[in-house]
Structure formats: C-alpha cells, structure tokens
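K.L.:
What follows is the file work_0.cif, containing mmCIF, C-alpha atoms and all ligand atoms:
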data_target
loop_
_atom_site.group_PDB
_atom_site.id
_atom_site.type_symbol
_atom_site.label_atom_id
_atom_site.label_comp_id
_atom_site.auth_asym_id
_atom_site.auth_seq_id
_atom_site.Cartn_x
_atom_site.Cartn_y
_atom_site.Cartn_z
ATOM 1 C CA MET A 26 15.789 -24.844 38.185
ATOM 2 C CA SER A 27 19.006 -23.184 39.353
ATOM 3 C CA GLU A 28 19.656 -22.607 43.024
ATOM 4 C CA ALA A 29 19.485 -18.832 42.520
ATOM 5 C CA ALA A 30 16.101 -19.072 40.819
ATOM 6 C CA GLU A 31 14.798 -21.414 43.518
ATOM 7 C CA ALA A 32 16.111 -19.092 46.215
ATOM 8 C CA ALA A 33 13.779 -16.480 44.769
ATOM 9 C CA ALA A 34 10.708 -18.720 45.080
ATOM 10 C CA VAL A 35 9.578 -16.234 47.725
ATOM 11 C CA LEU A 36 10.469 -12.536 47.651
ATOM 12 C CA VAL A 37 10.664 -10.815 51.009
ATOM 13 C CA ASP A 38 10.440 -7.053 51.416
ATOM 14 C CA ARG A 39 9.475 -4.412 53.937
ATOM 15 C CA PRO A 40 6.718 -2.261 52.389
ATOM 16 C CA GLU A 41 6.316 -0.321 55.642
ATOM 17 C CA GLU A 42 8.773 -0.092 58.514
ATOM 18 C CA PRO A 43 6.958 -2.487 60.915
ATOM 19 C CA VAL A 44 5.644 -4.832 58.179
ATOM 20 C CA LEU A 45 7.449 -7.753 56.542
ATOM 21 C CA ARG A 46 5.922 -9.110 53.338
ATOM 22 C CA ALA A 47 6.455 -12.460 51.581
ATOM 23 C CA THR A 48 5.469 -12.694 47.927
ATOM 24 C CA LEU A 49 5.353 -16.148 46.342
ATOM 25 C CA ASN A 50 7.246 -15.957 43.085
ATOM 26 C CA ARG A 51 6.686 -19.064 40.977
ATOM 27 C CA PRO A 52 4.419 -17.690 38.231
ATOM 28 C CA GLU A 53 5.348 -20.576 35.902
ATOM 29 C CA ALA A 54 3.669 -22.994 38.341
ATOM 30 C CA MET A 55 0.878 -20.743 39.661
ATOM 31 C CA ASN A 56 2.919 -20.269 42.852
ATOM 32 C CA ALA A 57 2.707 -23.989 43.674
ATOM 33 C CA LEU A 58 4.514 -24.631 46.949
ATOM 34 C CA SER A 59 7.878 -26.213 46.172
ATOM 35 C CA MET A 60 10.211 -27.211 49.028
ATOM 36 C CA PRO A 61 12.322 -24.026 48.614
ATOM 37 C CA ALA A 62 9.132 -21.953 48.701
ATOM 38 C CA ARG A 63 7.972 -23.717 51.873
ATOM 39 C CA GLU A 64 11.372 -23.283 53.517
ATOM 40 C CA ALA A 65 11.413 -19.598 52.589
ATOM 41 C CA LEU A 66 7.908 -19.137 54.026
ATOM 42 C CA ALA A 67 8.980 -20.815 57.274
ATOM 43 C CA ASP A 68 12.061 -18.542 57.461
ATOM 44 C CA PHE A 69 9.834 -15.560 56.797
ATOM 45 C CA ALA A 70 7.471 -16.542 59.643
ATOM 46 C CA ARG A 71 10.409 -17.010 62.026
ATOM 47 C CA ARG A 72 11.680 -13.524 61.088
ATOM 48 C CA VAL A 73 8.289 -11.944 61.721
ATOM 49 C CA ASP A 74 8.144 -13.818 65.024
ATOM 50 C CA THR A 75 11.557 -12.828 66.323
ATOM 51 C CA GLU A 76 12.568 -9.437 64.828
ATOM 52 C CA THR A 77 11.670 -6.664 67.237
ATOM 53 C CA GLY A 78 10.975 -3.980 64.654
ATOM 54 C CA ILE A 79 8.484 -6.120 62.763
ATOM 55 C CA ARG A 80 4.938 -6.121 64.083
ATOM 56 C CA VAL A 81 2.900 -7.767 61.293
ATOM 57 C CA GLY A 82 3.574 -10.149 58.390
ATOM 58 C CA ILE A 83 1.789 -10.212 55.046
ATOM 59 C CA ILE A 84 1.801 -13.274 52.776
ATOM 60 C CA THR A 85 0.734 -12.819 49.176
ATOM 61 C CA GLY A 86 1.069 -14.402 45.767
ATOM 62 C CA GLY A 87 0.942 -11.082 43.929
ATOM 63 C CA PRO A 88 -1.871 -9.739 41.761
ATOM 64 C CA THR A 89 -2.696 -12.880 39.725
ATOM 65 C CA VAL A 90 -2.632 -16.029 41.828
ATOM 66 C CA PHE A 91 -2.140 -16.723 45.526
ATOM 67 C CA ALA A 92 -0.999 -20.368 45.288
ATOM 68 C CA ALA A 93 -2.354 -23.399 43.428
ATOM 69 C CA GLY A 94 -1.345 -25.772 46.205
ATOM 70 C CA ALA A 95 1.481 -28.170 46.824
ATOM 71 C CA ASP A 96 3.743 -28.698 43.832
ATOM 72 C CA ILE A 97 2.182 -31.743 42.205
ATOM 73 C CA LYS A 98 5.290 -32.320 40.055
ATOM 74 C CA ALA A 99 7.337 -32.757 43.241
ATOM 75 C CA MET A 100 4.763 -35.151 44.719
ATOM 76 C CA VAL A 101 3.630 -37.377 41.899
ATOM 77 C CA ASP A 102 6.182 -40.156 42.587
ATOM 78 C CA ALA A 103 6.474 -39.664 46.341
ATOM 79 C CA ARG A 104 6.196 -42.611 48.731
ATOM 80 C CA PRO A 105 4.920 -42.277 52.311
ATOM 81 C CA MET A 106 8.320 -42.462 54.004
ATOM 82 C CA ALA A 107 9.779 -39.915 51.573
ATOM 83 C CA LEU A 108 6.962 -37.543 52.543
ATOM 84 C CA HIS A 109 7.612 -38.307 56.185
ATOM 85 C CA ARG A 110 11.318 -37.527 55.770
ATOM 86 C CA ARG A 111 10.574 -34.199 54.072
ATOM 87 C CA GLY A 112 9.117 -33.088 57.427
ATOM 88 C CA ILE A 113 6.925 -30.510 55.753
ATOM 89 C CA HIS A 114 4.763 -30.222 58.859
ATOM 90 C CA ARG A 115 7.691 -28.590 60.659
ATOM 91 C CA LEU A 116 7.724 -25.831 58.033
ATOM 92 C CA TRP A 117 3.970 -25.279 58.421
ATOM 93 C CA GLN A 118 4.481 -25.291 62.173
ATOM 94 C CA ALA A 119 6.814 -22.300 61.904
ATOM 95 C CA ILE A 120 3.976 -20.328 60.306
ATOM 96 C CA ALA A 121 1.374 -21.578 62.788
ATOM 97 C CA GLU A 122 3.641 -20.690 65.711
ATOM 98 C CA CYS A 123 4.335 -17.102 64.623
ATOM 99 C CA ARG A 124 3.306 -15.011 67.621
ATOM 100 C CA LYS A 125 2.645 -11.865 65.607
ATOM 101 C CA PRO A 126 -0.328 -11.359 63.287
ATOM 102 C CA LEU A 127 -0.090 -12.674 59.746
ATOM 103 C CA ILE A 128 -2.319 -11.369 56.975
ATOM 104 C CA ALA A 129 -2.988 -13.276 53.750
ATOM 105 C CA ALA A 130 -3.516 -10.981 50.769
ATOM 106 C CA VAL A 131 -5.276 -13.166 48.199
ATOM 107 C CA ASN A 132 -5.803 -12.572 44.489
ATOM 108 C CA GLY A 133 -6.762 -15.415 42.160
ATOM 109 C CA TYR A 134 -6.616 -19.063 43.143
ATOM 110 C CA ALA A 135 -5.909 -20.166 46.711
ATOM 111 C CA LEU A 136 -6.156 -23.916 46.270
ATOM 112 C CA GLY A 137 -5.055 -26.899 48.333
ATOM 113 C CA GLY A 138 -1.886 -25.951 50.206
ATOM 114 C CA GLY A 139 -2.512 -22.381 48.991
ATOM 115 C CA CYS A 140 -5.864 -22.294 50.764
ATOM 116 C CA GLU A 141 -4.223 -23.894 53.801
ATOM 117 C CA LEU A 142 -1.523 -21.221 53.712
ATOM 118 C CA ALA A 143 -4.189 -18.502 53.757
ATOM 119 C CA MET A 144 -5.906 -20.293 56.643
ATOM 120 C CA HIS A 145 -2.642 -20.313 58.623
ATOM 121 C CA CYS A 146 -2.888 -16.513 58.585
ATOM 122 C CA ASP A 147 -4.973 -14.554 61.073
ATOM 123 C CA LEU A 148 -6.723 -12.258 58.626
ATOM 124 C CA ILE A 149 -7.554 -12.997 54.996
ATOM 125 C CA VAL A 150 -8.010 -10.089 52.597
ATOM 126 C CA ALA A 151 -9.394 -11.286 49.269
ATOM 127 C CA GLY A 152 -10.101 -9.696 45.917
ATOM 128 C CA THR A 153 -13.529 -10.358 44.415
ATOM 129 C CA GLY A 154 -11.881 -12.525 41.747
ATOM 130 C CA ALA A 155 -10.201 -14.845 44.279
ATOM 131 C CA ARG A 156 -11.220 -18.504 44.498
ATOM 132 C CA PHE A 157 -10.741 -20.792 47.470
ATOM 133 C CA GLY A 158 -10.767 -24.558 47.304
ATOM 134 C CA LEU A 159 -9.352 -27.835 48.545
ATOM 135 C CA PRO A 160 -9.083 -29.879 45.334
ATOM 136 C CA GLU A 161 -6.834 -32.597 46.783
ATOM 137 C CA VAL A 162 -9.613 -35.163 46.405
ATOM 138 C CA LYS A 163 -9.503 -34.575 42.643
ATOM 139 C CA VAL A 164 -5.876 -35.736 42.505
ATOM 140 C CA GLY A 165 -6.467 -38.784 44.689
ATOM 141 C CA ILE A 166 -5.359 -37.497 48.062
ATOM 142 C CA MET A 167 -6.630 -35.253 50.840
ATOM 143 C CA PRO A 168 -5.427 -32.058 52.514
ATOM 144 C CA GLY A 169 -2.353 -32.492 54.681
ATOM 145 C CA ALA A 170 -1.699 -29.069 56.205
ATOM 146 C CA GLY A 171 -4.791 -28.503 58.282
ATOM 147 C CA GLY A 172 -7.370 -28.238 55.502
ATOM 148 C CA THR A 173 -9.769 -30.705 57.106
ATOM 149 C CA GLN A 174 -9.285 -29.205 60.559
ATOM 150 C CA ARG A 175 -8.928 -25.450 60.097
ATOM 151 C CA LEU A 176 -11.652 -25.154 57.451
ATOM 152 C CA ILE A 177 -14.249 -26.924 59.573
ATOM 153 C CA ARG A 178 -13.423 -24.598 62.468
ATOM 154 C CA ALA A 179 -13.627 -21.564 60.187
ATOM 155 C CA VAL A 180 -16.847 -22.295 58.282
ATOM 156 C CA GLY A 181 -18.537 -25.246 60.019
ATOM 157 C CA LYS A 182 -19.023 -28.886 59.101
ATOM 158 C CA HIS A 183 -21.463 -28.728 56.196
ATOM 159 C CA ARG A 184 -19.743 -25.987 54.235
ATOM 160 C CA ALA A 185 -16.272 -27.406 54.895
ATOM 161 C CA LEU A 186 -17.291 -30.833 53.672
ATOM 162 C CA ARG A 187 -18.731 -29.373 50.489
ATOM 163 C CA LEU A 188 -15.277 -28.037 49.607
ATOM 164 C CA LEU A 189 -13.430 -31.087 50.878
ATOM 165 C CA LEU A 190 -15.599 -33.755 49.234
ATOM 166 C CA THR A 191 -16.299 -32.100 45.868
ATOM 167 C CA GLY A 192 -12.886 -30.461 45.454
ATOM 168 C CA GLU A 193 -14.704 -27.604 43.696
ATOM 169 C CA PRO A 194 -13.648 -24.058 44.606
ATOM 170 C CA ILE A 195 -15.884 -21.266 45.833
ATOM 171 C CA ASP A 196 -15.647 -17.654 44.753
ATOM 172 C CA ALA A 197 -14.498 -14.919 47.097
ATOM 173 C CA PRO A 198 -17.964 -13.445 47.815
ATOM 174 C CA THR A 199 -19.116 -16.922 48.905
ATOM 175 C CA ALA A 200 -15.957 -17.377 50.994
ATOM 176 C CA ALA A 201 -16.650 -14.000 52.616
ATOM 177 C CA ASP A 202 -20.266 -14.975 53.246
ATOM 178 C CA TRP A 203 -19.029 -18.198 54.882
ATOM 179 C CA GLY A 204 -16.649 -16.318 57.182
ATOM 180 C CA LEU A 205 -13.406 -17.435 55.531
ATOM 181 C CA VAL A 206 -12.530 -13.922 54.345
ATOM 182 C CA THR A 207 -11.915 -10.949 56.628
ATOM 183 C CA ASP A 208 -12.159 -8.193 54.005
ATOM 184 C CA LEU A 209 -13.557 -8.617 50.493
ATOM 185 C CA VAL A 210 -12.323 -5.828 48.238
ATOM 186 C CA HIS A 211 -11.821 -4.967 44.584
ATOM 187 C CA ASP A 212 -8.964 -7.026 43.087
ATOM 188 C CA ASP A 213 -6.819 -3.899 42.719
ATOM 189 C CA ALA A 214 -7.290 -2.967 46.378
ATOM 190 C CA VAL A 215 -6.099 -6.201 48.021
ATOM 191 C CA MET A 216 -2.553 -5.167 48.930
ATOM 192 C CA GLU A 217 -3.564 -1.633 49.857
ATOM 193 C CA THR A 218 -6.207 -3.064 52.232
ATOM 194 C CA ALA A 219 -3.781 -5.602 53.705
ATOM 195 C CA LEU A 220 -1.223 -2.833 54.286
ATOM 196 C CA SER A 221 -3.831 -0.611 55.865
ATOM 197 C CA LEU A 222 -4.916 -3.404 58.256
ATOM 198 C CA ALA A 223 -1.263 -4.171 59.007
ATOM 199 C CA GLY A 224 -0.639 -0.484 59.734
ATOM 200 C CA THR A 225 -3.571 -0.309 62.127
ATOM 201 C CA ILE A 226 -2.451 -3.431 64.000
ATOM 202 C CA ALA A 227 1.166 -2.193 64.037
ATOM 203 C CA ARG A 228 0.033 0.920 65.920
ATOM 204 C CA ARG A 229 -1.474 -1.220 68.692
ATOM 205 C CA PRO A 230 0.632 -2.344 71.678
ATOM 206 C CA PRO A 231 2.641 -5.353 70.418
ATOM 207 C CA LEU A 232 2.534 -7.335 73.657
ATOM 208 C CA ALA A 233 -1.242 -6.994 73.893
ATOM 209 C CA VAL A 234 -1.543 -7.978 70.218
ATOM 210 C CA GLU A 235 0.591 -11.093 70.777
ATOM 211 C CA HIS A 236 -1.381 -12.126 73.832
ATOM 212 C CA ILE A 237 -4.718 -11.579 72.100
ATOM 213 C CA LYS A 238 -3.622 -13.767 69.177
ATOM 214 C CA GLU A 239 -2.284 -16.481 71.457
ATOM 215 C CA VAL A 240 -5.321 -16.615 73.724
ATOM 216 C CA ALA A 241 -7.907 -16.378 70.932
ATOM 217 C CA LEU A 242 -6.302 -19.233 68.954
ATOM 218 C CA ALA A 243 -5.510 -21.456 71.936
ATOM 219 C CA GLY A 244 -8.942 -20.844 73.440
ATOM 220 C CA ALA A 245 -10.695 -22.062 70.290
ATOM 221 C CA ASP A 246 -9.429 -25.580 71.089
ATOM 222 C CA LEU A 247 -10.079 -25.449 74.847
ATOM 223 C CA PRO A 248 -13.166 -25.875 76.996
ATOM 224 C CA LEU A 249 -14.737 -22.442 77.620
ATOM 225 C CA SER A 250 -13.783 -22.415 81.305
ATOM 226 C CA ALA A 251 -10.086 -23.025 80.478
ATOM 227 C CA GLY A 252 -10.169 -20.418 77.708
ATOM 228 C CA LEU A 253 -11.723 -17.853 80.029
ATOM 229 C CA MET A 254 -9.110 -18.536 82.689
ATOM 230 C CA LEU A 255 -6.318 -18.164 80.126
ATOM 231 C CA GLU A 256 -7.839 -14.891 78.982
ATOM 232 C CA ARG A 257 -8.069 -13.539 82.522
ATOM 233 C CA LYS A 258 -4.475 -14.482 83.381
ATOM 234 C CA SER A 259 -3.114 -12.956 80.166
ATOM 235 C CA MET A 260 -5.127 -9.775 80.693
ATOM 236 C CA HIS A 261 -3.693 -9.457 84.211
ATOM 237 C CA LEU A 262 -0.197 -10.054 82.829
ATOM 238 C CA LEU A 263 -0.529 -7.072 80.494
ATOM 239 C CA PHE A 264 -0.803 -4.816 83.544
ATOM 240 C CA ASP A 265 2.905 -5.502 83.927
ATOM 241 C CA THR A 266 3.728 -3.672 80.672
ATOM 242 C CA ALA A 267 4.778 -0.078 80.074
ATOM 243 C CA ASP A 268 2.322 -0.036 77.160
ATOM 244 C CA GLN A 269 -0.605 -0.525 79.566
ATOM 245 C CA THR A 270 0.471 2.565 81.504
ATOM 246 C CA GLU A 271 1.071 4.460 78.263
ATOM 247 C CA GLY A 272 -2.271 3.424 76.723
ATOM 248 C CA MET A 273 -4.377 4.361 79.707
ATOM 249 C CA THR A 274 -2.428 7.542 80.532
ATOM 250 C CA ALA A 275 -2.625 8.699 76.911
ATOM 251 C CA PHE A 276 -6.375 8.124 76.942
ATOM 252 C CA LEU A 277 -6.776 10.205 80.091
ATOM 253 C CA ASP A 278 -4.414 12.902 78.719
ATOM 254 C CA LYS A 279 -6.413 12.947 75.451
ATOM 255 C CA ARG A 280 -3.300 12.269 73.316
ATOM 256 C CA ARG A 281 -2.174 9.493 70.954
ATOM 257 C CA PRO A 282 -0.385 6.641 72.726
ATOM 258 C CA ASP A 283 3.152 5.717 71.710
ATOM 259 C CA PHE A 284 3.401 1.958 72.170
ATOM 260 C CA ARG A 285 6.923 0.513 72.342
ATOM 261 C CA GLY A 286 6.259 -3.132 72.991
ATOM 262 C CA GLU A 287 7.593 -2.926 76.524
HETATM 263 C C1 LIG B 301 2.481 -27.914 40.052
HETATM 264 C C2 LIG B 301 1.056 -26.546 38.902
HETATM 265 C C3 LIG B 301 0.121 -26.587 39.962
HETATM 266 C C4 LIG B 301 0.463 -27.367 41.103
HETATM 267 C C5 LIG B 301 -0.687 -25.362 38.406
HETATM 268 N N1 LIG B 301 0.510 -25.768 37.971
HETATM 269 N N2 LIG B 301 -0.953 -25.847 39.614
HETATM 270 N N3 LIG B 301 2.225 -27.203 38.966
HETATM 271 N N4 LIG B 301 1.651 -28.013 41.086
HETATM 272 N N5 LIG B 301 -0.334 -27.438 42.168
HETATM 273 C C6 LIG B 301 1.156 -25.486 36.691
HETATM 274 C C7 LIG B 301 0.509 -26.252 35.563
HETATM 275 O O1 LIG B 301 1.019 -27.553 35.492
HETATM 276 C C8 LIG B 301 0.906 -25.420 34.390
HETATM 277 O O2 LIG B 301 2.252 -25.696 34.045
HETATM 278 C C9 LIG B 301 0.859 -23.984 34.923
HETATM 279 O O3 LIG B 301 0.962 -24.127 36.358
HETATM 280 C C10 LIG B 301 -0.449 -23.279 34.600
HETATM 281 O O4 LIG B 301 -1.512 -24.110 35.030
HETATM 282 P P1 LIG B 301 -2.781 -24.437 34.107
HETATM 283 O O5 LIG B 301 -3.450 -25.633 34.667
HETATM 284 O O6 LIG B 301 -2.385 -24.507 32.675
HETATM 285 O O7 LIG B 301 -3.659 -23.124 34.321
HETATM 286 P P2 LIG B 301 -5.252 -22.968 34.344
HETATM 287 O O8 LIG B 301 -5.867 -23.740 33.211
HETATM 288 O O9 LIG B 301 -5.501 -21.508 34.421
HETATM 289 O O10 LIG B 301 -5.748 -23.677 35.685
HETATM 290 C C11 LIG B 301 -5.367 -23.136 36.947
HETATM 291 C C12 LIG B 301 -5.659 -24.161 38.066
HETATM 292 C C13 LIG B 301 -5.043 -25.524 37.708
HETATM 293 C C14 LIG B 301 -7.188 -24.301 38.234
HETATM 294 C C15 LIG B 301 -5.080 -23.575 39.358
HETATM 295 O O11 LIG B 301 -3.655 -25.306 37.390
HETATM 296 C C16 LIG B 301 -5.115 -26.536 38.803
HETATM 297 O O12 LIG B 301 -6.179 -27.134 39.020
HETATM 298 N N6 LIG B 301 -3.999 -26.767 39.496
HETATM 299 C C17 LIG B 301 -3.871 -27.830 40.494
HETATM 300 C C18 LIG B 301 -4.564 -27.434 41.775
HETATM 301 C C19 LIG B 301 -4.482 -28.546 42.813
HETATM 302 O O13 LIG B 301 -4.880 -29.670 42.584
HETATM 303 N N7 LIG B 301 -3.937 -28.209 43.997
HETATM 304 C C20 LIG B 301 -3.816 -29.132 45.127
HETATM 305 C C21 LIG B 301 -2.486 -29.801 45.086
HETATM 306 S S1 LIG B 301 -2.292 -30.966 46.407
HETATM 307 P P3 LIG B 301 2.720 -26.010 32.545
HETATM 308 O O14 LIG B 301 4.148 -26.426 32.697
HETATM 309 O O15 LIG B 301 1.808 -27.049 32.011
HETATM 310 O O16 LIG B 301 2.550 -24.677 31.857
HETATM 311 C C22 LIG B 301 -2.081 -30.017 47.779
HETATM 312 C C23 LIG B 301 -2.003 -30.672 49.177
HETATM 313 C C24 LIG B 301 -0.974 -31.667 49.351
HETATM 314 O O17 LIG B 301 -2.009 -28.849 47.740
HETATM 315 C C25 LIG B 301 -0.854 -32.041 50.814
HETATM 316 C C26 LIG B 301 -0.175 -33.359 51.040
HETATM 317 C C27 LIG B 301 1.344 -33.286 51.150
#
What is this structure when it is put down as structure tokens?
Ligand code: HXC

P.N.:
Amino acid sequence: MSEAAEAAAVLVDRPEEPVLRATLNRPEAMNALSMPAREALADFARRVDTETGIRVGIITGGPTVFAAGADIKAMVDARPMALHRRGIHRLWQAIAECRKPLIAAVNGYALGGGCELAMHCDLIVAGTGARFGLPEVKVGIMPGAGGTQRLIRAVGKHRALRLLLTGEPIDAPTAADWGLVTDLVHDDAVMETALSLAGTIARRPPLAVEHIKEVALAGADLPLSAGLMLERKSMHLLFDTADQTEGMTAFLDKRRPDFRGE
C-alpha cells in the first residue's frame, strides 16, 4: 500500500467543536490494526490529551465494523524480538494515558485488538449488531494489549474466561448485560449517541472531568483506603479552580454554568 493510502488508515475530524473523532479506515481488512493505524491512533490520543479546545475523543470504525483485531498479515511471520522492537505497547500506552474521556462507538465486529481498543476507552456505545470477542486463542496466541486484564476487571473472571478460552464472540446485548457496553442502541444511532454523550461531558468542567477519570481508573487498582485518600485529595484540589466557583455560583444564581477549564 502507498504511503498516502496508509496515512489515511485513520481519518481524524472534528464533528463538534470540543470533540475530536478518529475513524479507522481500512475496510479492505475489516479495520485490522496495521502499524500506521496504531501510530495514527496514538497521535490522535495525544492530540485529545493536549489540545485545549478538545474535551472528548471518539474512536470508531464507521457503520460496518469497528476493528477485527491486529493485522494478522503483518504478524504471521513475526518473531518475538521483532515484536519487541515494534514497541506496540508504547502506542497503546498513549491511548491509555489520555487524560480526557474517550468514547468507543462500535458497530459490527470488535475483535482481538479491536475489542482491546474499545476497552481502552472510557465509555463504549454499541449498536445491537455489534459483536465483541477475543479470538486470539483461535490463531494460536493470546491477547497482548490488556485483553486478559481489562476484560476480567470489566466483566469478572468467569465471563472473561469464557471469551478468552473459547475465542467465540458475544453479541452486543450480552456484552451490555455483562457490563462491557455503556449504551446499547440501534445500529443507526451509535454515532449520534456517542456524540450526544460527548456533548454532555464536554459541557462539564474539564478539570473535574480529568480528575474524575484519573481517580476512578487509578483507584480500581488500589486498595480502597488509598483510592479513597486519592479521591479526597483530588476533590480538595478542585476547590482551587475557577470552574468550582462558577459551578456553585451558577447553581445558587439559578443559571447555566460556563465552564472554561480554569
Ligand atoms: C488482517 C483481516 C483481519 C485481521 C479480517 N481480515 N480480519 N486481515 N487481519 N485481523 C481481512 C480478511 O483476510 C479478508 O481479506 C477481509 O478482511 C474480509 O474478511 P473475511 O474473513 O472474508 O470476512 P468475514 O467472513 O465477514 O469474517 C469477518 C471476521 C473474520 C469474523 C472478522 O475476518 C475474522 O475472524 N478475522 C480475524 C479476527 C481475529 O482473529 N482477530 C484477532 C487478531 S490477533 P481478503 O484479502 O481475504 O479479502 C489480535 C491480538 C494480537 O488482535 C496481540 C499480540 C500482538
């Protein structure tokens, strides 16, 4: 594939002023995650993280398929040290470290690395026709981007191991029932719902949103006492923001707050 075509493995646009959206664009390979696609997703996450005007990121594969996993064609002959040198974990890390909320908008298959990509996001909006799975075991390997770790935290041991050990996908209503999906909607309403959620979050005070995300995610891996302390300290810290004054004053004045992220 030409460099120009590969550069378009992910399309980035701004559907609303405070929202940046990444759309995987490899329909010929069911949006399988090639290296250029992974690099573009990492760049996207860094942009969401650092650009002041952007308050939420949306990752989607478009209306047909989210992503069918890592690109098997690029992996079939790989040796361990070649995988090590690719340093793919650093690209995933950029997504995991994004301080602002990320929403996965999922239609169709979210398999393997595609499912892991959705699980890197904070909210998952899925169409009823979506399917989630970790089929790595069927091609002789295992998940390598948090599938064994994030799924078990999201749905619990017994359900996670069903997906991990059989490699068989579950449908979106089951994924929603298991707690993997935030909003289950008609296939045609996935992006509209993701944009609506993004819009709601974008109207909230950005510094509070960032701290809530950070503390909720960090706390999930901490003893309760440490998580509670972190929460308390971060809550106190927010009393140093102009948005705290604005939020509480607006409430008392019975008007809409105007949060500026200050
Ligand atoms: C490369 C892929 C691909 C993938 C699909 N394609 N998935 N190419 N990597 N992960 C390509 C097919 O080769 C085919 O190309 C085209 O997309 C259409 O796919 P079909 O199989 O013909 O479509 P369909 O019958 O509808 O089946 C859809 C599917 C199936 C169920 C999603 O494609 C599938 O099972 N894909 C593999 C899913 C998987 O195993 N993912 C995990 C990968 S490992 P051609 O050229 O033939 O038209 C992983 C973790 C790695 O993600 C972590 C360690 C580094």

K.L.:
If you count all atoms listed in the file, which residues fall within 6 Å of segment 115-125 of chain A, apart from same-chain ones fewer than 3 positions away, as number ranges by chain?

P.N.:
A: 67, 70, 74, 81, 112, 145, 235

K.L.:
Go through A:Ala103, A:Leu242, A:Val44, A:Leu136 and flag the residue nearest ligand LIG 301 (chain B), using all atoms listed in the file for the distances.

P.N.:
A:Leu136

K.L.:
Select the residues contacting ligand LIG 301 (chain B) at a distance of at most 6 Å, based on all atoms listed in the file, then format the selection as an mmCIF file with C-alpha atoms, in the coordinates of the input.

P.N.:
data_model
loop_
_atom_site.group_PDB
_atom_site.id
_atom_site.type_symbol
_atom_site.label_atom_id
_atom_site.label_comp_id
_atom_site.auth_asym_id
_atom_site.auth_seq_id
_atom_site.Cartn_x
_atom_site.Cartn_y
_atom_site.Cartn_z
ATOM 1 C CA GLU A 53 5.348 -20.576 35.902
ATOM 2 C CA ALA A 54 3.669 -22.994 38.341
ATOM 3 C CA MET A 55 0.878 -20.743 39.661
ATOM 4 C CA ALA A 57 2.707 -23.989 43.674
ATOM 5 C CA ALA A 93 -2.354 -23.399 43.428
ATOM 6 C CA GLY A 94 -1.345 -25.772 46.205
ATOM 7 C CA ALA A 95 1.481 -28.170 46.824
ATOM 8 C CA ASP A 96 3.743 -28.698 43.832
ATOM 9 C CA ILE A 97 2.182 -31.743 42.205
ATOM 10 C CA LYS A 98 5.290 -32.320 40.055
ATOM 11 C CA LEU A 136 -6.156 -23.916 46.270
ATOM 12 C CA GLY A 137 -5.055 -26.899 48.333
ATOM 13 C CA GLY A 138 -1.886 -25.951 50.206
ATOM 14 C CA PRO A 160 -9.083 -29.879 45.334
ATOM 15 C CA GLU A 161 -6.834 -32.597 46.783
ATOM 16 C CA PRO A 168 -5.427 -32.058 52.514
ATOM 17 C CA GLY A 169 -2.353 -32.492 54.681
#

K.L.:
What separation in Å, quoted to one decimal, exists between atom CA of Val240 of chain A and atom CA of Lys258 of chain A?

P.N.:
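Computing the Euclidean distance for atom CA of Val240 of chain A and atom CA of Lys258 of chain A yields 9.9 Å.
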
K.L.:
With all atoms listed in the file as the atoms that count, which of A:Ala99, A:Ile79, A:Ile128, A:Val206 lies nearest to Arg228 of chain A?

P.N.:
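For Arg228 of chain A, the nearest of the given residues is A:Ile79.
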
K.L.:
Give me the result of the PyMOL selection byres (((chain A and resi 267-280) around 12) and not hetatm) on this file, residue by residue, as a list in words.

P.N.:
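For this structure, the PyMOL selection byres (((chain A and resi 267-280) around 12) and not hetatm) resolves to Arg228, Arg229, Pro230, Pro231, Leu232, Ala233, Val234, Met260, His261, Leu262, Leu263, Phe264, Asp265, Thr266, Arg281, Pro282, Asp283, Phe284, Arg285, Gly286 and Glu287 of chain A.
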
K.L.:
Which residue out of A:Arg104, A:Arg175, A:Arg46, A:Lys163 has the minimum interatomic distance to Thr191 of chain A when only C-alpha atoms are used?

P.N.:
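Smallest distance to Thr191 of chain A is found for A:Lys163.
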
K.L.:
Quick one: distance from atom CA of Asp196 of chain A to atom CA of Ala34 of chain A in Å, one decimal?

P.N.:
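It comes out at 26.4 Å.
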
K.L.:
One decimal, in Å: what's the spacing between atom CA of Ala129 of chain A and atom CA of Leu189 of chain A?

P.N.:
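Between atom CA of Ala129 of chain A and atom CA of Leu189 of chain A the gap is 20.8 Å.
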
K.L.:
Identify, on the basis of only C-alpha atoms, every residue whose closest approach to segment 199-204 of chain A does not exceed 8 Å; exclude the query and any residue fewer than 5 positions from it along the same chain; express the result as a list in words.

P.N.:
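Neighbouring residues, sequence-local ones excluded: Phe157, Ala179, Val180, Arg184 and Leu209 of chain A.
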
K.L.:
Taking only C-alpha atoms into account, which of A:Ala65, A:Leu58, A:Ala185, A:Val164 comes nearest Val101 of chain A?

P.N.:
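Using only C-alpha atoms, the shortest distance to Val101 of chain A belongs to A:Val164.
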
K.L.:
Here is a test: counting all atoms listed in the file, which residue of A:Ala227, A:Ala155, A:Leu249, A:Cys146 is nearest to His211 of chain A?

P.N.:
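Among A:Ala227, A:Ala155, A:Leu249, A:Cys146, it is A:Ala155 that comes nearest to His211 of chain A.
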
K.L.:
When you count all atoms listed in the file, which of these residues is closest to Pro43 of chain A: A:Val210, A:Leu159, A:Ala223, A:Leu176?

P.N.:
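Ranked by minimum distance to Pro43 of chain A, first place goes to A:Ala223.
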